[in-house]
Amino acid sequence: MRSFRPFELIVPAWDKPHLVASRSYLSYGKAELQDKLDRNPYSFLHVINPAGTKAAKAKRGSEGFFALVRNRFEEFVADGLLQRLEGNHIAIYRQTTPTSSCTGVVGTLAVESIRSGRLKVHEQTLQKRERLFAKYLNTVGCHAEPILCMFPDQDAPGRATQQCIDAWIQNHSPEIDFSTTDRIRHTVWIVGEIASLEISDAMENVSSMYLADGHHRVASSLILSEKFPQDSAKQHVLTFAVPESELVVRGYHREIIGMPWSPEEWDAAFRRMTEIDHVQRIPNHASPPSDVGIVHVHHAQANWVLHLKEPADQLGRMEVDAAQLQRTFFEPELNIKDPRNDKRLAYIPGTLNSADLRARVMKQPDSVVFELHPVPTRLIKETADRGGYLPPKSTWVEPKLRSGLFIHDIQ
């Protein structure tokens with residue numbers, strides 16, 4: 001059985017993809033969400049938020065609420081806002097931003113290949129969220145946002161996969177091509193059934209894929225497949241696989257809130273760190289951290305650069321900066337023992353640059369931001385290969401796909 005295969009795609013109506021596809025629900029503030037729902041009747045937000053921002057007939061997170069989501073999904077299909085394509089296909093998706101471009105393939109990945117270790121993970125999941133997502137999938141009955149994986153593209157199998165993708169793009173026009181107000185261009189090619197099988201065959205020769213985003217979606221899909229072992233539709237998860245060289249990994253920064261220390265107190269605390277080569281103050285106009293092991297710290301009255309010592313177990317630098325900071329500073333010095341739930345610790349995505357971070361602390365003089373260098377894909381792979389885990393919120397990865405652009409119905 002193929003592990004990465006074509007499937008019966010559901011996509012937005014050809015004239016409405018820019019209106020249907022939406023950002024992640026969590027990325028909208030309440031006012032913006034209501035505005036989208038009021039002004040755009042085609043938005044997929046109407047599916048995942050069937051009551052808008054008003055009180056729903058069923059409690060959010062309940063099976064009753066999830067049933068409302070399924071009903072709205074079926075209404076979108078019946079009204080032609082979402083269309084089922086005949087046959088089984090792989091889609092090629094390209095996302096272009098002002099600074100990068102990433103082209104990969106959308107298909108379904110067999111959960112059996114996930115269990116066998118062909119898809120390698122690097123993040124621990126929470127059982128409560130796993131069960132909730134499994135309940136959601138079972139009731140809603142569709143994947144509306146793919147998990148994001150990367151595959152090595154510098155070896156022969158990776159290059160062969162790339163050649164299949166490039167060959168289709170060079171000889172066919174895209175079926176979907178639109179830009180969104182965040183200056184991102186979305187381009188989609190629906191691959192013919194024979195060529196889809198050729199891409200699938202090429203992907204079979206890729207030895208391993210690495211999960212970049214969607215660990216809870218994978219875990220919930222595994223739960224669902226075990227509950228319904230005879231249901232073939234529930235034995236696959238919607239997947240967007242991209243070449244390793246095109247995955248964008250940004251830093252994920254740490255903010256310590258409610259610490260009204262003076263610069264001198266922070267100086268003293270940094271000098272007590274056991275795994276630090278040296279620390280020095282830097283000017284406000286300093287550039288971002290230039291490499292792993294280098295951390296910039298921003299305070300309303302001062303800025304520092306920390307040069308961390310390389311961990312003792314040097315097997316390709318197995319410990320990322322976030323883990324080393326937690327182990328050697330946040331826990332012993334600040335008594336932050338539970339980084340997932342301590343309210344003094346906030347996480348800032350790497351979409352904010354150094355100037356944004358400094359502006360942030362100027363508005364909040366009792367906070368300090370630790371600016372981290374992005375985790376290299378090499379280290380993500382090394383961690384996953386040895387069965388290890390990165391700390392929570394270690395990587396901000398792109399591309400971020402829009403919900404409702406590709407749908408896999410498992411009902």
# chains A, B, ... in the order shown; residues from 1 in each chain; ligands from 1
>>> residues_around(residues="Glu198 of chain A", least_positions_apart="5", cutoff="9 Å", atoms="only C-alpha atoms", output="PyMOL selection string")
chain A and resi 161+164+193+203
>>> write_last_selection(atoms="N, CA and C atoms", output="PDB file, in the first residue's frame")
ATOM      1  N   THR A 161      11.601  13.239  -6.772  1.00  0.00           N
ATOM      2  CA  THR A 161      10.288  13.806  -6.452  1.00  0.00           C
ATOM      3  C   THR A 161      10.177  15.219  -6.984  1.00  0.00           C
ATOM      4  N   CYS A 164       9.507  15.307 -10.714  1.00  0.00           N
ATOM      5  CA  CYS A 164       8.105  15.042 -11.060  1.00  0.00           C
ATOM      6  C   CYS A 164       7.250  16.294 -10.865  1.00  0.00           C
ATOM      7  N   GLU A 193      -4.388  12.092 -12.881  1.00  0.00           N
ATOM      8  CA  GLU A 193      -4.356  10.855 -12.086  1.00  0.00           C
ATOM      9  C   GLU A 193      -3.101  10.022 -12.353  1.00  0.00           C
ATOM     10  N   MET A 203       7.567   9.531  -4.070  1.00  0.00           N
ATOM     11  CA  MET A 203       7.549   9.769  -2.631  1.00  0.00           C
ATOM     12  C   MET A 203       7.792   8.485  -1.843  1.00  0.00           C
TER      13      MET A 203
END
>>> residues_around(residues="Pro374 of chain A", least_positions_apart="5", cutoff="10 Å", atoms="only C-alpha atoms", output="PyMOL selection string")
chain A and resi 248-253+289-292+320-321+350+394-397
>>> select_by_dssp(residues="segment 144-174 of chain A", states="strand (DSSP E or B)", output="PyMOL selection string")
chain A and resi 147-151
>>> write_last_selection(atoms="C-alpha atoms", output="PDB file, in the first residue's frame")
ATOM      1  CA  ILE A 147      -0.292  18.651   8.471  1.00  0.00           C
ATOM      2  CA  LEU A 148       3.048  20.063   7.293  1.00  0.00           C
ATOM      3  CA  CYS A 149       5.987  17.708   6.641  1.00  0.00           C
ATOM      4  CA  MET A 150       9.415  18.164   5.149  1.00  0.00           C
ATOM      5  CA  PHE A 151      11.355  15.614   3.137  1.00  0.00           C
TER       6      PHE A 151
END
>>> atom_distance(atom1="atom CA of Leu85 of chain A", atom2="atom CA of Leu9 of chain A")
5.6 Å
>>> closest_residue(among="A:Asn88, A:Ser245, A:Asn171, A:Ser221", to="Asp155 of chain A", atoms="only C-alpha atoms")
A:Ser245
>>> closest_atom_pairs(of="segment 114-152 of chain A", to="segment 208-220 of chain A", cutoff="9 Å", atoms="only C-alpha atoms", output="CSV")
residue,atom,partner,partner_atom,distance
A:Ile114,CA,A:Val218,CA,8.4
A:Gly117,CA,A:Ser208,CA,8.0
A:Arg118,CA,A:Ser208,CA,5.0
A:Leu119,CA,A:Met209,CA,4.8
A:Lys120,CA,A:Tyr210,CA,4.8
A:Val121,CA,A:Leu211,CA,5.3
A:His122,CA,A:Leu211,CA,7.4
A:Glu123,CA,A:His215,CA,6.7
A:Gln124,CA,A:His215,CA,7.7
A:Thr125,CA,A:His216,CA,6.0
A:Leu126,CA,A:His216,CA,7.7
A:Gln127,CA,A:Ala219,CA,8.8
A:Arg129,CA,A:His216,CA,7.0
A:Glu130,CA,A:Ser220,CA,4.9
A:Arg131,CA,A:Ser220,CA,6.5
A:Leu132,CA,A:Ser220,CA,8.0
A:Phe133,CA,A:Ser220,CA,5.6
A:Ala134,CA,A:Ser220,CA,4.5
A:Lys135,CA,A:Ser220,CA,8.3
A:Leu137,CA,A:Ser220,CA,7.9
A:Pro146,CA,A:Gly214,CA,8.0
A:Ile147,CA,A:Gly214,CA,4.9
A:Leu148,CA,A:Asp213,CA,5.0
A:Cys149,CA,A:Leu211,CA,4.4
A:Met150,CA,A:Tyr210,CA,5.3
A:Phe151,CA,A:Met209,CA,4.8
A:Pro152,CA,A:Met209,CA,7.4
>>> write_last_selection(atoms="N, CA, C and O atoms", output="mmCIF file, in the first residue's frame")
data_model
loop_
_atom_site.group_PDB
_atom_site.id
_atom_site.type_symbol
_atom_site.label_atom_id
_atom_site.label_comp_id
_atom_site.auth_asym_id
_atom_site.auth_seq_id
_atom_site.Cartn_x
_atom_site.Cartn_y
_atom_site.Cartn_z
ATOM 1 N N ILE A 114 2.949 6.230 9.625
ATOM 2 C CA ILE A 114 3.302 7.065 10.775
ATOM 3 C C ILE A 114 3.685 6.168 11.945
ATOM 4 O O ILE A 114 4.691 6.392 12.620
ATOM 5 N N GLY A 117 7.108 4.688 11.801
ATOM 6 C CA GLY A 117 8.234 5.597 11.982
ATOM 7 C C GLY A 117 8.701 6.283 10.717
ATOM 8 O O GLY A 117 9.717 6.987 10.726
ATOM 9 N N ARG A 118 7.962 6.109 9.617
ATOM 10 C CA ARG A 118 8.374 6.791 8.382
ATOM 11 C C ARG A 118 8.182 8.300 8.514
ATOM 12 O O ARG A 118 8.945 9.079 7.938
ATOM 13 N N LEU A 119 7.160 8.698 9.254
ATOM 14 C CA LEU A 119 7.000 10.105 9.597
ATOM 15 C C LEU A 119 7.530 10.295 11.011
ATOM 16 O O LEU A 119 7.018 9.688 11.959
ATOM 17 N N LYS A 120 8.531 11.125 11.155
ATOM 18 C CA LYS A 120 9.187 11.297 12.446
ATOM 19 C C LYS A 120 8.740 12.599 13.096
ATOM 20 O O LYS A 120 8.628 13.626 12.422
ATOM 21 N N VAL A 121 8.496 12.533 14.393
ATOM 22 C CA VAL A 121 7.968 13.680 15.133
ATOM 23 C C VAL A 121 9.017 14.204 16.096
ATOM 24 O O VAL A 121 9.979 13.505 16.443
ATOM 25 N N HIS A 122 8.824 15.455 16.541
ATOM 26 C CA HIS A 122 9.804 16.046 17.464
ATOM 27 C C HIS A 122 9.137 16.818 18.601
ATOM 28 O O HIS A 122 9.805 17.568 19.313
ATOM 29 N N GLU A 123 7.822 16.630 18.767
ATOM 30 C CA GLU A 123 7.105 17.429 19.767
ATOM 31 C C GLU A 123 6.157 16.524 20.549
ATOM 32 O O GLU A 123 5.450 15.700 19.971
ATOM 33 N N GLN A 124 6.143 16.690 21.874
ATOM 34 C CA GLN A 124 5.208 15.951 22.701
ATOM 35 C C GLN A 124 3.818 16.569 22.589
ATOM 36 O O GLN A 124 3.673 17.769 22.384
ATOM 37 N N THR A 125 2.805 15.730 22.735
ATOM 38 C CA THR A 125 1.429 16.201 22.654
ATOM 39 C C THR A 125 0.719 15.996 23.985
ATOM 40 O O THR A 125 1.171 15.228 24.833
ATOM 41 N N LEU A 126 -0.394 16.685 24.151
ATOM 42 C CA LEU A 126 -1.186 16.600 25.368
ATOM 43 C C LEU A 126 -2.375 15.669 25.125
ATOM 44 O O LEU A 126 -3.118 15.851 24.154
ATOM 45 N N GLN A 127 -2.560 14.686 26.004
ATOM 46 C CA GLN A 127 -3.623 13.711 25.797
ATOM 47 C C GLN A 127 -4.998 14.362 25.728
ATOM 48 O O GLN A 127 -5.856 13.926 24.950
ATOM 49 N N ARG A 129 -5.832 17.271 24.519
ATOM 50 C CA ARG A 129 -6.043 17.839 23.189
ATOM 51 C C ARG A 129 -6.149 16.739 22.138
ATOM 52 O O ARG A 129 -6.905 16.870 21.171
ATOM 53 N N GLU A 130 -5.388 15.663 22.302
ATOM 54 C CA GLU A 130 -5.489 14.545 21.364
ATOM 55 C C GLU A 130 -6.918 14.014 21.318
ATOM 56 O O GLU A 130 -7.487 13.796 20.237
ATOM 57 N N ARG A 131 -7.499 13.792 22.491
ATOM 58 C CA ARG A 131 -8.859 13.236 22.559
ATOM 59 C C ARG A 131 -9.889 14.215 21.995
ATOM 60 O O ARG A 131 -10.835 13.812 21.314
ATOM 61 N N LEU A 132 -9.691 15.510 22.286
ATOM 62 C CA LEU A 132 -10.626 16.512 21.764
ATOM 63 C C LEU A 132 -10.574 16.557 20.244
ATOM 64 O O LEU A 132 -11.613 16.571 19.572
ATOM 65 N N PHE A 133 -9.367 16.571 19.684
ATOM 66 C CA PHE A 133 -9.227 16.615 18.231
ATOM 67 C C PHE A 133 -9.769 15.346 17.592
ATOM 68 O O PHE A 133 -10.339 15.385 16.494
ATOM 69 N N ALA A 134 -9.581 14.197 18.255
ATOM 70 C CA ALA A 134 -10.122 12.952 17.710
ATOM 71 C C ALA A 134 -11.649 12.999 17.673
ATOM 72 O O ALA A 134 -12.275 12.551 16.705
ATOM 73 N N LYS A 135 -12.253 13.541 18.726
ATOM 74 C CA LYS A 135 -13.712 13.697 18.759
ATOM 75 C C LYS A 135 -14.161 14.640 17.641
ATOM 76 O O LYS A 135 -15.164 14.396 16.972
ATOM 77 N N LEU A 137 -12.598 15.265 14.742
ATOM 78 C CA LEU A 137 -12.457 14.606 13.450
ATOM 79 C C LEU A 137 -13.564 13.593 13.217
ATOM 80 O O LEU A 137 -14.116 13.496 12.121
ATOM 81 N N PRO A 146 -4.041 20.626 6.066
ATOM 82 C CA PRO A 146 -3.057 19.538 6.085
ATOM 83 C C PRO A 146 -2.037 19.708 7.209
ATOM 84 O O PRO A 146 -1.729 20.827 7.634
ATOM 85 N N ILE A 147 -1.501 18.581 7.668
ATOM 86 C CA ILE A 147 -0.292 18.651 8.471
ATOM 87 C C ILE A 147 0.850 19.048 7.537
ATOM 88 O O ILE A 147 0.755 18.882 6.313
ATOM 89 N N LEU A 148 1.913 19.592 8.091
ATOM 90 C CA LEU A 148 3.048 20.063 7.293
ATOM 91 C C LEU A 148 4.259 19.185 7.578
ATOM 92 O O LEU A 148 4.680 19.047 8.731
ATOM 93 N N CYS A 149 4.809 18.567 6.525
ATOM 94 C CA CYS A 149 5.987 17.708 6.641
ATOM 95 C C CYS A 149 7.086 18.221 5.721
ATOM 96 O O CYS A 149 6.816 18.896 4.731
ATOM 97 N N MET A 150 8.307 17.885 6.063
ATOM 98 C CA MET A 150 9.415 18.164 5.149
ATOM 99 C C MET A 150 10.090 16.847 4.785
ATOM 100 O O MET A 150 10.102 15.901 5.576
ATOM 101 N N PHE A 151 10.607 16.794 3.563
ATOM 102 C CA PHE A 151 11.355 15.614 3.137
ATOM 103 C C PHE A 151 12.716 16.058 2.608
ATOM 104 O O PHE A 151 12.839 17.122 1.999
ATOM 105 N N PRO A 152 13.762 15.287 2.884
ATOM 106 C CA PRO A 152 15.093 15.642 2.376
ATOM 107 C C PRO A 152 15.069 15.716 0.855
ATOM 108 O O PRO A 152 14.519 14.839 0.189
#
>>> atom_distance(atom1="atom CA of Ser225 of chain A", atom2="atom CA of Arg70 of chain A")
19.2 Å
>>> residues_around(residues="Thr187 of chain A", least_positions_apart="3", cutoff="7 Å", atoms="only C-alpha atoms", output="list in words")
Tyr93, Arg94, Gln95, Pro174, Ile176, Asp177 and Phe178 of chain A
>>> atom_distance(atom1="atom CA of Ala241 of chain A", atom2="atom CA of Ser116 of chain A")
17.9 Å
>>> closest_residue(among="A:Gln230, A:Asn71, A:Ser367, A:Ser179", to="Arg402 of chain A", atoms="only C-alpha atoms")
A:Ser179
>>> residues_around(residues="segment 295-299 of chain A", least_positions_apart="3", cutoff="10 Å", atoms="only C-alpha atoms", output="PyMOL selection string")
chain A and resi 253-255+261-263+266+279-282+284+286-292+302-308+321-322+325+354+357-362+364-373
>>> residues_around(residues="Pro157 of chain A", least_positions_apart="5", cutoff="10 Å", atoms="only C-alpha atoms", output="list in words")
Phe151, Pro152, Gln162, Gln163, Ala202, Met203, Glu204, Asn205, Val206 and Ser207 of chain A
>>> write_last_selection(atoms="N, CA, C and O atoms", output="mmCIF file, in the first residue's frame")
data_model
loop_
_atom_site.group_PDB
_atom_site.id
_atom_site.type_symbol
_atom_site.label_atom_id
_atom_site.label_comp_id
_atom_site.auth_asym_id
_atom_site.auth_seq_id
_atom_site.Cartn_x
_atom_site.Cartn_y
_atom_site.Cartn_z
ATOM 1 N N PHE A 151 10.607 16.794 3.563
ATOM 2 C CA PHE A 151 11.355 15.614 3.137
ATOM 3 C C PHE A 151 12.716 16.058 2.608
ATOM 4 O O PHE A 151 12.839 17.122 1.999
ATOM 5 N N PRO A 152 13.762 15.287 2.884
ATOM 6 C CA PRO A 152 15.093 15.642 2.376
ATOM 7 C C PRO A 152 15.069 15.716 0.855
ATOM 8 O O PRO A 152 14.519 14.839 0.189
ATOM 9 N N GLN A 162 11.229 15.996 -6.793
ATOM 10 C CA GLN A 162 11.234 17.370 -7.292
ATOM 11 C C GLN A 162 11.100 17.415 -8.807
ATOM 12 O O GLN A 162 10.411 18.279 -9.349
ATOM 13 N N GLN A 163 11.728 16.486 -9.488
ATOM 14 C CA GLN A 163 11.639 16.456 -10.951
ATOM 15 C C GLN A 163 10.209 16.188 -11.408
ATOM 16 O O GLN A 163 9.742 16.790 -12.389
ATOM 17 N N ALA A 202 7.356 8.260 -6.527
ATOM 18 C CA ALA A 202 8.613 8.923 -6.172
ATOM 19 C C ALA A 202 8.695 9.153 -4.666
ATOM 20 O O ALA A 202 9.753 8.961 -4.050
ATOM 21 N N MET A 203 7.567 9.531 -4.070
ATOM 22 C CA MET A 203 7.549 9.769 -2.631
ATOM 23 C C MET A 203 7.792 8.485 -1.843
ATOM 24 O O MET A 203 8.310 8.522 -0.721
ATOM 25 N N GLU A 204 7.436 7.320 -2.415
ATOM 26 C CA GLU A 204 7.652 6.048 -1.721
ATOM 27 C C GLU A 204 9.136 5.786 -1.495
ATOM 28 O O GLU A 204 9.519 5.069 -0.567
ATOM 29 N N ASN A 205 9.975 6.350 -2.348
ATOM 30 C CA ASN A 205 11.420 6.125 -2.229
ATOM 31 C C ASN A 205 12.087 7.074 -1.240
ATOM 32 O O ASN A 205 13.269 6.904 -0.928
ATOM 33 N N VAL A 206 11.341 8.071 -0.771
ATOM 34 C CA VAL A 206 11.884 8.967 0.257
ATOM 35 C C VAL A 206 11.898 8.194 1.574
ATOM 36 O O VAL A 206 10.860 7.709 2.033
ATOM 37 N N SER A 207 13.063 8.061 2.176
ATOM 38 C CA SER A 207 13.196 7.173 3.335
ATOM 39 C C SER A 207 12.415 7.658 4.540
ATOM 40 O O SER A 207 11.769 6.867 5.239
#
>>> select_by_dssp(residues="segment 74-113 of chain A", states="alpha helix (DSSP H)", output="MDAnalysis selection string")
chainID A and resid 74:78 111:113
>>> write_last_selection(atoms="N, CA and C atoms", output="PDB file, in the first residue's frame")
ATOM      1  N   GLU A  74     -21.416  20.460   4.851  1.00  0.00           N
ATOM      2  CA  GLU A  74     -22.264  19.837   3.830  1.00  0.00           C
ATOM      3  C   GLU A  74     -23.075  20.875   3.064  1.00  0.00           C
ATOM      4  N   GLU A  75     -23.475  21.958   3.739  1.00  0.00           N
ATOM      5  CA  GLU A  75     -24.186  23.038   3.051  1.00  0.00           C
ATOM      6  C   GLU A  75     -23.268  23.719   2.028  1.00  0.00           C
ATOM      7  N   PHE A  76     -22.017  23.929   2.385  1.00  0.00           N
ATOM      8  CA  PHE A  76     -21.059  24.538   1.452  1.00  0.00           C
ATOM      9  C   PHE A  76     -20.879  23.657   0.221  1.00  0.00           C
ATOM     10  N   VAL A  77     -20.848  22.333   0.418  1.00  0.00           N
ATOM     11  CA  VAL A  77     -20.717  21.420  -0.719  1.00  0.00           C
ATOM     12  C   VAL A  77     -21.985  21.456  -1.567  1.00  0.00           C
ATOM     13  N   ALA A  78     -23.144  21.418  -0.913  1.00  0.00           N
ATOM     14  CA  ALA A  78     -24.421  21.425  -1.641  1.00  0.00           C
ATOM     15  C   ALA A  78     -24.612  22.716  -2.428  1.00  0.00           C
ATOM     16  N   VAL A 111      -1.704   6.331   8.073  1.00  0.00           N
ATOM     17  CA  VAL A 111      -1.335   6.349   9.490  1.00  0.00           C
ATOM     18  C   VAL A 111      -0.431   5.166   9.825  1.00  0.00           C
ATOM     19  N   GLU A 112      -0.527   4.084   9.061  1.00  0.00           N
ATOM     20  CA  GLU A 112       0.344   2.942   9.316  1.00  0.00           C
ATOM     21  C   GLU A 112       1.806   3.316   9.100  1.00  0.00           C
ATOM     22  N   SER A 113       2.054   4.169   8.107  1.00  0.00           N
ATOM     23  CA  SER A 113       3.429   4.603   7.881  1.00  0.00           C
ATOM     24  C   SER A 113       3.896   5.547   8.991  1.00  0.00           C
TER      25      SER A 113
END
>>> decode(residues="segment 153-185 of chain A", atoms="C-alpha atoms", output="compact mmCIF listing (two decimals), in the first residue's frame")
# COMPACT_ATOMS: atom_id res chain seq x y z
CA ASP A 153 15.62 16.94 -1.14
CA GLN A 154 19.41 16.72 -1.53
CA ASP A 155 19.48 12.94 -2.13
CA ALA A 156 18.38 10.96 -5.20
CA PRO A 157 14.79 10.17 -4.02
CA GLY A 158 14.21 13.79 -3.06
CA ARG A 159 15.53 15.05 -6.40
CA ALA A 160 13.37 12.54 -8.28
CA THR A 161 10.29 13.81 -6.45
CA GLN A 162 11.23 17.37 -7.29
CA GLN A 163 11.64 16.46 -10.95
CA CYS A 164 8.10 15.04 -11.06
CA ILE A 165 6.73 18.21 -9.48
CA ASP A 166 8.71 20.51 -11.79
CA ALA A 167 7.68 18.56 -14.87
CA TRP A 168 3.98 19.06 -14.14
CA ILE A 169 4.36 22.75 -13.34
CA GLN A 170 6.35 23.44 -16.49
CA ASN A 171 3.71 21.88 -18.74
CA HIS A 172 0.45 22.96 -17.09
CA SER A 173 -1.23 26.14 -15.97
CA PRO A 174 -2.47 26.38 -12.37
CA GLU A 175 -6.14 25.81 -11.61
CA ILE A 176 -6.05 28.23 -8.66
CA ASP A 177 -3.93 31.38 -8.39
CA PHE A 178 -4.76 34.26 -6.03
CA SER A 179 -3.18 36.67 -3.58
CA THR A 180 -4.37 37.64 -0.12
CA THR A 181 -4.15 40.94 1.71
CA ASP A 182 -1.17 39.69 3.76
CA ARG A 183 0.82 39.82 0.47
CA ILE A 184 0.93 36.04 0.09
CA ARG A 185 0.30 34.38 -3.26
